[in-house]
$ cat upload_1.txt   # compact mmCIF, C-alpha atoms
# COMPACT_ATOMS: atom_id res chain seq x y z
CA MET Q 271 -47.85 5.11 -67.51
CA SER Q 272 -45.42 6.91 -69.78
CA VAL Q 273 -43.25 5.13 -72.31
CA SER Q 274 -40.16 5.84 -70.20
CA GLU Q 275 -41.85 4.36 -67.11
CA GLU Q 276 -42.83 1.26 -69.08
CA LEU Q 277 -39.28 0.91 -70.38
CA LEU Q 278 -37.80 1.23 -66.89
CA ALA Q 279 -40.30 -1.34 -65.57
CA ALA Q 280 -39.32 -3.74 -68.37
CA MET Q 281 -35.66 -3.26 -67.46
CA GLN Q 282 -36.49 -4.03 -63.83
CA ARG Q 283 -38.16 -7.30 -64.87
CA LEU Q 284 -34.92 -8.36 -66.57
CA PHE Q 285 -33.45 -8.88 -63.11
CA GLY Q 286 -36.10 -11.44 -62.18
CA ASP Q 287 -36.88 -12.36 -58.62
CA GLY Q 288 -33.41 -11.59 -57.36
CA ALA Q 289 -30.53 -13.48 -55.89
CA VAL Q 290 -30.09 -17.20 -55.36
CA THR Q 291 -28.20 -18.41 -52.32
CA GLY Q 292 -27.26 -21.67 -50.66
CA VAL Q 293 -26.50 -23.65 -53.80
CA SER Q 294 -23.34 -25.38 -52.56
CA HIS Q 295 -23.23 -29.03 -51.57
CA SER Q 296 -19.48 -29.30 -51.07
CA SER Q 297 -19.70 -29.56 -47.28
CA LYS Q 298 -22.07 -32.54 -47.57
CA VAL Q 299 -19.71 -34.23 -50.03
CA ARG Q 300 -16.74 -33.63 -47.73
CA GLU Q 301 -18.65 -35.19 -44.83
CA GLN Q 302 -19.36 -38.36 -46.79
CA ALA Q 303 -16.46 -40.73 -47.25
CA PRO Q 304 -16.34 -44.27 -48.57
CA PRO Q 305 -15.93 -46.96 -45.95
CA GLU Q 306 -12.41 -47.93 -44.96
CA VAL Q 307 -11.20 -51.45 -45.58
CA PRO Q 308 -10.93 -53.22 -42.21
CA ALA Q 309 -7.32 -53.61 -41.11
CA GLY Q 310 -7.43 -57.41 -40.98
CA TRP Q 311 -8.67 -57.88 -44.54
CA GLU Q 312 -6.06 -59.04 -47.00
CA SER Q 313 -7.23 -60.20 -50.38
CA GLY Q 314 -7.65 -59.06 -53.95
CA ALA Q 315 -11.17 -57.93 -53.12
CA ALA Q 316 -9.93 -55.90 -50.13
CA GLU Q 317 -7.27 -54.28 -52.33
CA GLY Q 318 -9.91 -53.51 -54.99
CA LEU Q 319 -12.16 -52.02 -52.30
CA ALA Q 320 -9.29 -49.81 -51.09
CA GLN Q 321 -8.60 -48.61 -54.64
CA THR Q 322 -12.28 -47.91 -55.24
CA GLY Q 323 -12.44 -45.99 -51.95
CA ALA Q 324 -9.41 -43.91 -52.96
CA ARG Q 325 -10.99 -43.11 -56.35
CA LEU Q 326 -14.25 -42.13 -54.65
CA ARG Q 327 -12.40 -39.83 -52.24
CA ARG Q 328 -10.54 -38.12 -55.13
CA THR Q 329 -13.79 -37.78 -57.07
CA GLY Q 330 -15.49 -36.30 -54.00
CA GLU Q 331 -12.64 -33.84 -53.50
CA ASP Q 332 -12.79 -32.81 -57.17
CA PHE Q 333 -16.57 -32.39 -56.96
CA ALA Q 334 -16.32 -30.32 -53.78
CA ALA Q 335 -13.63 -28.05 -55.25
CA THR Q 336 -15.67 -27.52 -58.42
CA ASP Q 337 -18.82 -26.96 -56.38
CA ASP Q 338 -17.04 -24.35 -54.23
CA ASP Q 339 -15.91 -22.51 -57.36
CA LEU Q 340 -19.39 -22.60 -58.93
CA SER Q 341 -20.99 -21.53 -55.66
CA SER Q 342 -18.62 -18.57 -55.52
CA ARG Q 343 -19.59 -17.63 -59.07
CA VAL Q 344 -23.31 -17.95 -58.32
CA ASP Q 345 -22.82 -15.72 -55.26
CA ALA Q 346 -21.06 -13.11 -57.41
CA VAL Q 347 -23.82 -13.26 -60.03
CA SER Q 348 -26.49 -12.99 -57.32
CA ALA Q 349 -24.77 -9.94 -55.84
CA SER Q 350 -24.61 -8.31 -59.30
CA VAL Q 351 -28.30 -9.04 -59.93
CA ARG Q 352 -29.28 -7.75 -56.49
CA ASP Q 353 -27.19 -4.57 -56.92
CA GLY Q 354 -28.48 -3.93 -60.44
CA SER Q 355 -32.07 -4.43 -59.35
CA SER Q 356 -31.58 -2.09 -56.40
CA GLN Q 357 -30.02 0.59 -58.60
CA LEU Q 358 -32.82 0.30 -61.12
CA SER Q 359 -35.41 0.59 -58.34
CA GLN Q 360 -33.76 3.82 -57.23
CA ILE Q 361 -33.71 5.14 -60.80
CA ARG Q 362 -37.40 4.31 -61.24
CA GLU Q 363 -38.35 5.94 -57.95
CA ASP Q 364 -36.33 9.07 -58.72
CA HIS Q 365 -37.92 9.24 -62.17
CA ARG Q 366 -41.42 8.81 -60.76
CA ILE Q 367 -40.94 11.52 -58.13
CA ASN Q 368 -39.39 14.05 -60.49
CA ARG Q 369 -41.93 13.41 -63.22
CA ALA Q 370 -44.77 13.88 -60.70
CA ARG Q 371 -43.24 17.19 -59.57
CA LEU Q 372 -43.08 18.46 -63.15
CA ALA Q 373 -46.52 17.15 -64.18
CA ALA Q 374 -48.32 20.14 -62.66
CA PHE Q 375 -46.55 22.42 -65.14
CA ALA Q 376 -46.80 20.17 -68.21
CA ASP Q 377 -48.42 22.93 -70.29
CA ASP Q 378 -45.24 25.03 -70.11
CA PRO Q 379 -42.99 24.23 -73.14
CA GLU Q 380 -39.83 24.62 -71.05
CA VAL Q 381 -41.13 22.14 -68.46
CA ALA Q 382 -42.22 19.76 -71.21
CA ALA Q 383 -38.67 19.88 -72.56
CA ARG Q 384 -37.31 19.15 -69.10
CA VAL Q 385 -39.69 16.19 -68.74
CA ALA Q 386 -38.47 14.83 -72.08
CA GLU Q 387 -34.86 15.29 -70.93
CA LEU Q 388 -35.65 13.60 -67.60
CA ASP Q 389 -37.19 10.66 -69.46
CA ARG Q 390 -34.18 10.36 -71.77
CA VAL Q 391 -31.61 10.59 -68.97
CA ARG Q 392 -33.36 8.13 -66.64
CA VAL Q 393 -33.92 5.58 -69.44
CA GLN Q 394 -30.22 5.91 -70.30
CA ASP Q 395 -29.33 5.45 -66.63
CA GLY Q 396 -31.48 2.31 -66.56
CA SER Q 397 -29.86 1.02 -69.72
CA ASN Q 398 -26.39 1.65 -68.31
CA THR Q 399 -27.35 -0.20 -65.11
CA VAL Q 400 -28.55 -3.24 -67.08
CA LYS Q 401 -25.40 -3.24 -69.23
CA SER Q 402 -23.17 -2.94 -66.19
CA ALA Q 403 -24.92 -5.78 -64.38
CA GLN Q 404 -24.75 -7.89 -67.53
CA GLY Q 405 -21.00 -7.28 -67.75
CA GLN Q 406 -20.53 -8.22 -64.10
CA VAL Q 407 -22.55 -11.40 -64.54
CA THR Q 408 -20.57 -12.37 -67.64
CA GLY Q 409 -17.30 -11.63 -65.84
CA ALA Q 410 -18.29 -13.73 -62.84
CA MET Q 411 -19.37 -16.72 -64.90
CA PHE Q 412 -16.38 -16.78 -67.25
CA ARG Q 413 -13.51 -15.94 -64.92
CA THR Q 414 -10.66 -18.38 -64.95
$ encode --input "upload_1.txt" --output "structure tokens"
Amino acid sequence: MSVSEELLAAMQRLFGDGAVTGVSHSSKVREQAPPEVPAGWESGAAEGLAQTGARLRRTGEDFAATDDDLSSRVDAVSASVRDGSSQLSQIREDHRINRARLAAFADDPEVAARVAELDRVRVQDGSNTVKSAQGQVTGAMFRT
């Protein structure tokens, strides 16, 4: 394996196993509500229970809204990782195919120069893909 192939493979590993999905729990939180105070109850304890129930509902709503936002960000990050990984796979495959085509003529100095140029360009393409994905991930996680 050439140095450029090893470098591209290392870049591919940066993307890990790929995207994560299904991380939201907001729908479960929205389904769960504190019990209502029975209509006939009138006491300090019943009033306290009603206030506690209202606080729990507000807390649940806040959690669900935050969870929706984070889930959206995770989805955006996952899409960026998946796209970056796919692009890098295409770069690696293109590099492998073109390098194999030129390998038969490796003794020719002009072909050797083209192989070196191919290696340089494809490693740069891989680097640009990683940087782009990194920028998209950062943008998704720190949007306001």
$ atom_distance --input "upload_1.txt" --atom1 "CA of His295 in chain Q" --atom2 "CA of Ala335 in chain Q"
10.3 Å
$ atom_distance --input "upload_1.txt" --atom1 "CA of Gly314 in chain Q" --atom2 "CA of Gly330 in chain Q"
24.1 Å
$ residues_near_point --input "upload_1.txt" --point "(-23.3, -7.2, -66.4)" --cutoff "12 Å" --atoms "all atoms listed in the file" --output "list in words"
Leu284, Phe285, Ala346, Val347, Ser348, Ala349, Ser350, Val351, Arg352, Asp353, Gly354, Ser355, Ser397, Asn398, Thr399, Val400, Lys401, Ser402, Ala403, Gln404, Gly405, Gln406, Val407, Thr408, Gly409, Ala410, Met411 and Phe412 of chain Q
$ residues_around --input "upload_1.txt" --residues "Glu275 in chain Q" --least-positions-apart "3" --cutoff "9 Å" --atoms "only C-alpha atoms" --output "list in words"
Met271, Ser272, Leu278, Ala279, Ala280, Arg362, His365, Arg366, Asp389 and Val393 of chain Q
$ write_last_selection --input "upload_1.txt" --atoms "C-alpha atoms" --output "PDB file, in the coordinates of the input"
ATOM      1  CA  MET Q 271     -47.850   5.110 -67.510  1.00  0.00           C
ATOM      2  CA  SER Q 272     -45.420   6.910 -69.780  1.00  0.00           C
ATOM      3  CA  LEU Q 278     -37.800   1.230 -66.890  1.00  0.00           C
ATOM      4  CA  ALA Q 279     -40.300  -1.340 -65.570  1.00  0.00           C
ATOM      5  CA  ALA Q 280     -39.320  -3.740 -68.370  1.00  0.00           C
ATOM      6  CA  ARG Q 362     -37.400   4.310 -61.240  1.00  0.00           C
ATOM      7  CA  HIS Q 365     -37.920   9.240 -62.170  1.00  0.00           C
ATOM      8  CA  ARG Q 366     -41.420   8.810 -60.760  1.00  0.00           C
ATOM      9  CA  ASP Q 389     -37.190  10.660 -69.460  1.00  0.00           C
ATOM     10  CA  VAL Q 393     -33.920   5.580 -69.440  1.00  0.00           C
TER      11      VAL Q 393
END
$ closest_residue --input "upload_1.txt" --among "Q:Gln321, Q:Gln394, Q:Gln282, Q:Thr329" --to "Gln302 in chain Q" --atoms "all atoms listed in the file"
Q:Thr329
$ build_atoms --input "upload_1.txt" --residues "range 338-374 of chain Q" --atoms "N, CA and C atoms" --output "short mmCIF file (atom, residue, chain, number, x, y, z; two decimals), in the coordinates of the input"
data_model
loop_
_atom_site.label_atom_id
_atom_site.label_comp_id
_atom_site.auth_asym_id
_atom_site.auth_seq_id
_atom_site.Cartn_x
_atom_site.Cartn_y
_atom_site.Cartn_z
N ASP Q 338 -17.42 -25.60 -54.91
CA ASP Q 338 -17.04 -24.35 -54.23
C ASP Q 338 -16.84 -23.22 -55.23
N ASP Q 339 -16.15 -23.53 -56.34
CA ASP Q 339 -15.91 -22.51 -57.36
C ASP Q 339 -17.23 -22.04 -57.97
N LEU Q 340 -18.09 -22.97 -58.33
CA LEU Q 340 -19.39 -22.60 -58.93
C LEU Q 340 -20.25 -21.83 -57.93
N SER Q 341 -20.22 -22.24 -56.69
CA SER Q 341 -20.99 -21.53 -55.66
C SER Q 341 -20.50 -20.09 -55.53
N SER Q 342 -19.20 -19.92 -55.59
CA SER Q 342 -18.62 -18.57 -55.52
C SER Q 342 -19.08 -17.73 -56.71
N ARG Q 343 -19.13 -18.35 -57.88
CA ARG Q 343 -19.59 -17.63 -59.07
C ARG Q 343 -21.06 -17.28 -58.98
N VAL Q 344 -21.87 -18.21 -58.49
CA VAL Q 344 -23.31 -17.95 -58.32
C VAL Q 344 -23.51 -16.81 -57.31
N ASP Q 345 -22.73 -16.80 -56.24
CA ASP Q 345 -22.82 -15.72 -55.26
C ASP Q 345 -22.48 -14.37 -55.90
N ALA Q 346 -21.44 -14.35 -56.74
CA ALA Q 346 -21.06 -13.11 -57.41
C ALA Q 346 -22.15 -12.65 -58.38
N VAL Q 347 -22.73 -13.59 -59.11
CA VAL Q 347 -23.82 -13.26 -60.03
C VAL Q 347 -25.03 -12.74 -59.24
N SER Q 348 -25.35 -13.41 -58.15
CA SER Q 348 -26.49 -12.99 -57.32
C SER Q 348 -26.28 -11.58 -56.78
N ALA Q 349 -25.06 -11.29 -56.35
CA ALA Q 349 -24.77 -9.94 -55.84
C ALA Q 349 -24.92 -8.91 -56.96
N SER Q 350 -24.47 -9.24 -58.17
CA SER Q 350 -24.61 -8.31 -59.30
C SER Q 350 -26.07 -8.08 -59.64
N VAL Q 351 -26.86 -9.15 -59.63
CA VAL Q 351 -28.30 -9.04 -59.93
C VAL Q 351 -28.98 -8.20 -58.86
N ARG Q 352 -28.66 -8.49 -57.61
CA ARG Q 352 -29.28 -7.75 -56.49
C ARG Q 352 -28.91 -6.27 -56.57
N ASP Q 353 -27.63 -5.97 -56.84
CA ASP Q 353 -27.19 -4.57 -56.92
C ASP Q 353 -27.83 -3.86 -58.11
N GLY Q 354 -27.86 -4.53 -59.26
CA GLY Q 354 -28.48 -3.93 -60.44
C GLY Q 354 -29.95 -3.66 -60.23
N SER Q 355 -30.64 -4.60 -59.62
CA SER Q 355 -32.07 -4.43 -59.35
C SER Q 355 -32.30 -3.28 -58.39
N SER Q 356 -31.46 -3.18 -57.37
CA SER Q 356 -31.58 -2.09 -56.40
C SER Q 356 -31.33 -0.74 -57.07
N GLN Q 357 -30.30 -0.66 -57.90
CA GLN Q 357 -30.02 0.59 -58.60
C GLN Q 357 -31.17 0.98 -59.51
N LEU Q 358 -31.72 0.00 -60.21
CA LEU Q 358 -32.82 0.30 -61.12
C LEU Q 358 -34.06 0.73 -60.34
N SER Q 359 -34.29 0.15 -59.19
CA SER Q 359 -35.41 0.59 -58.34
C SER Q 359 -35.25 2.05 -57.95
N GLN Q 360 -34.02 2.43 -57.60
CA GLN Q 360 -33.76 3.82 -57.23
C GLN Q 360 -33.96 4.76 -58.41
N ILE Q 361 -33.52 4.32 -59.60
CA ILE Q 361 -33.71 5.14 -60.80
C ILE Q 361 -35.20 5.32 -61.08
N ARG Q 362 -35.95 4.22 -60.99
CA ARG Q 362 -37.40 4.31 -61.24
C ARG Q 362 -38.09 5.22 -60.24
N GLU Q 363 -37.72 5.11 -58.97
CA GLU Q 363 -38.35 5.94 -57.95
C GLU Q 363 -38.00 7.41 -58.16
N ASP Q 364 -36.75 7.69 -58.45
CA ASP Q 364 -36.33 9.07 -58.72
C ASP Q 364 -37.08 9.62 -59.93
N HIS Q 365 -37.20 8.81 -60.97
CA HIS Q 365 -37.92 9.24 -62.17
C HIS Q 365 -39.39 9.53 -61.85
N ARG Q 366 -40.00 8.63 -61.12
CA ARG Q 366 -41.42 8.81 -60.76
C ARG Q 366 -41.64 10.10 -59.97
N ILE Q 367 -40.80 10.33 -58.98
CA ILE Q 367 -40.94 11.52 -58.13
C ILE Q 367 -40.74 12.80 -58.94
N ASN Q 368 -39.67 12.84 -59.72
CA ASN Q 368 -39.39 14.05 -60.49
C ASN Q 368 -40.41 14.30 -61.58
N ARG Q 369 -40.89 13.25 -62.19
CA ARG Q 369 -41.93 13.41 -63.22
C ARG Q 369 -43.22 13.93 -62.59
N ALA Q 370 -43.57 13.43 -61.40
CA ALA Q 370 -44.77 13.88 -60.70
C ALA Q 370 -44.64 15.37 -60.33
N ARG Q 371 -43.46 15.78 -59.92
CA ARG Q 371 -43.24 17.19 -59.57
C ARG Q 371 -43.43 18.11 -60.78
N LEU Q 372 -42.99 17.63 -61.94
CA LEU Q 372 -43.08 18.46 -63.15
C LEU Q 372 -44.44 18.38 -63.83
N ALA Q 373 -45.24 17.37 -63.50
CA ALA Q 373 -46.52 17.15 -64.18
C ALA Q 373 -47.47 18.34 -64.02
N ALA Q 374 -47.41 19.02 -62.91
CA ALA Q 374 -48.32 20.14 -62.66
C ALA Q 374 -48.08 21.29 -63.65
#
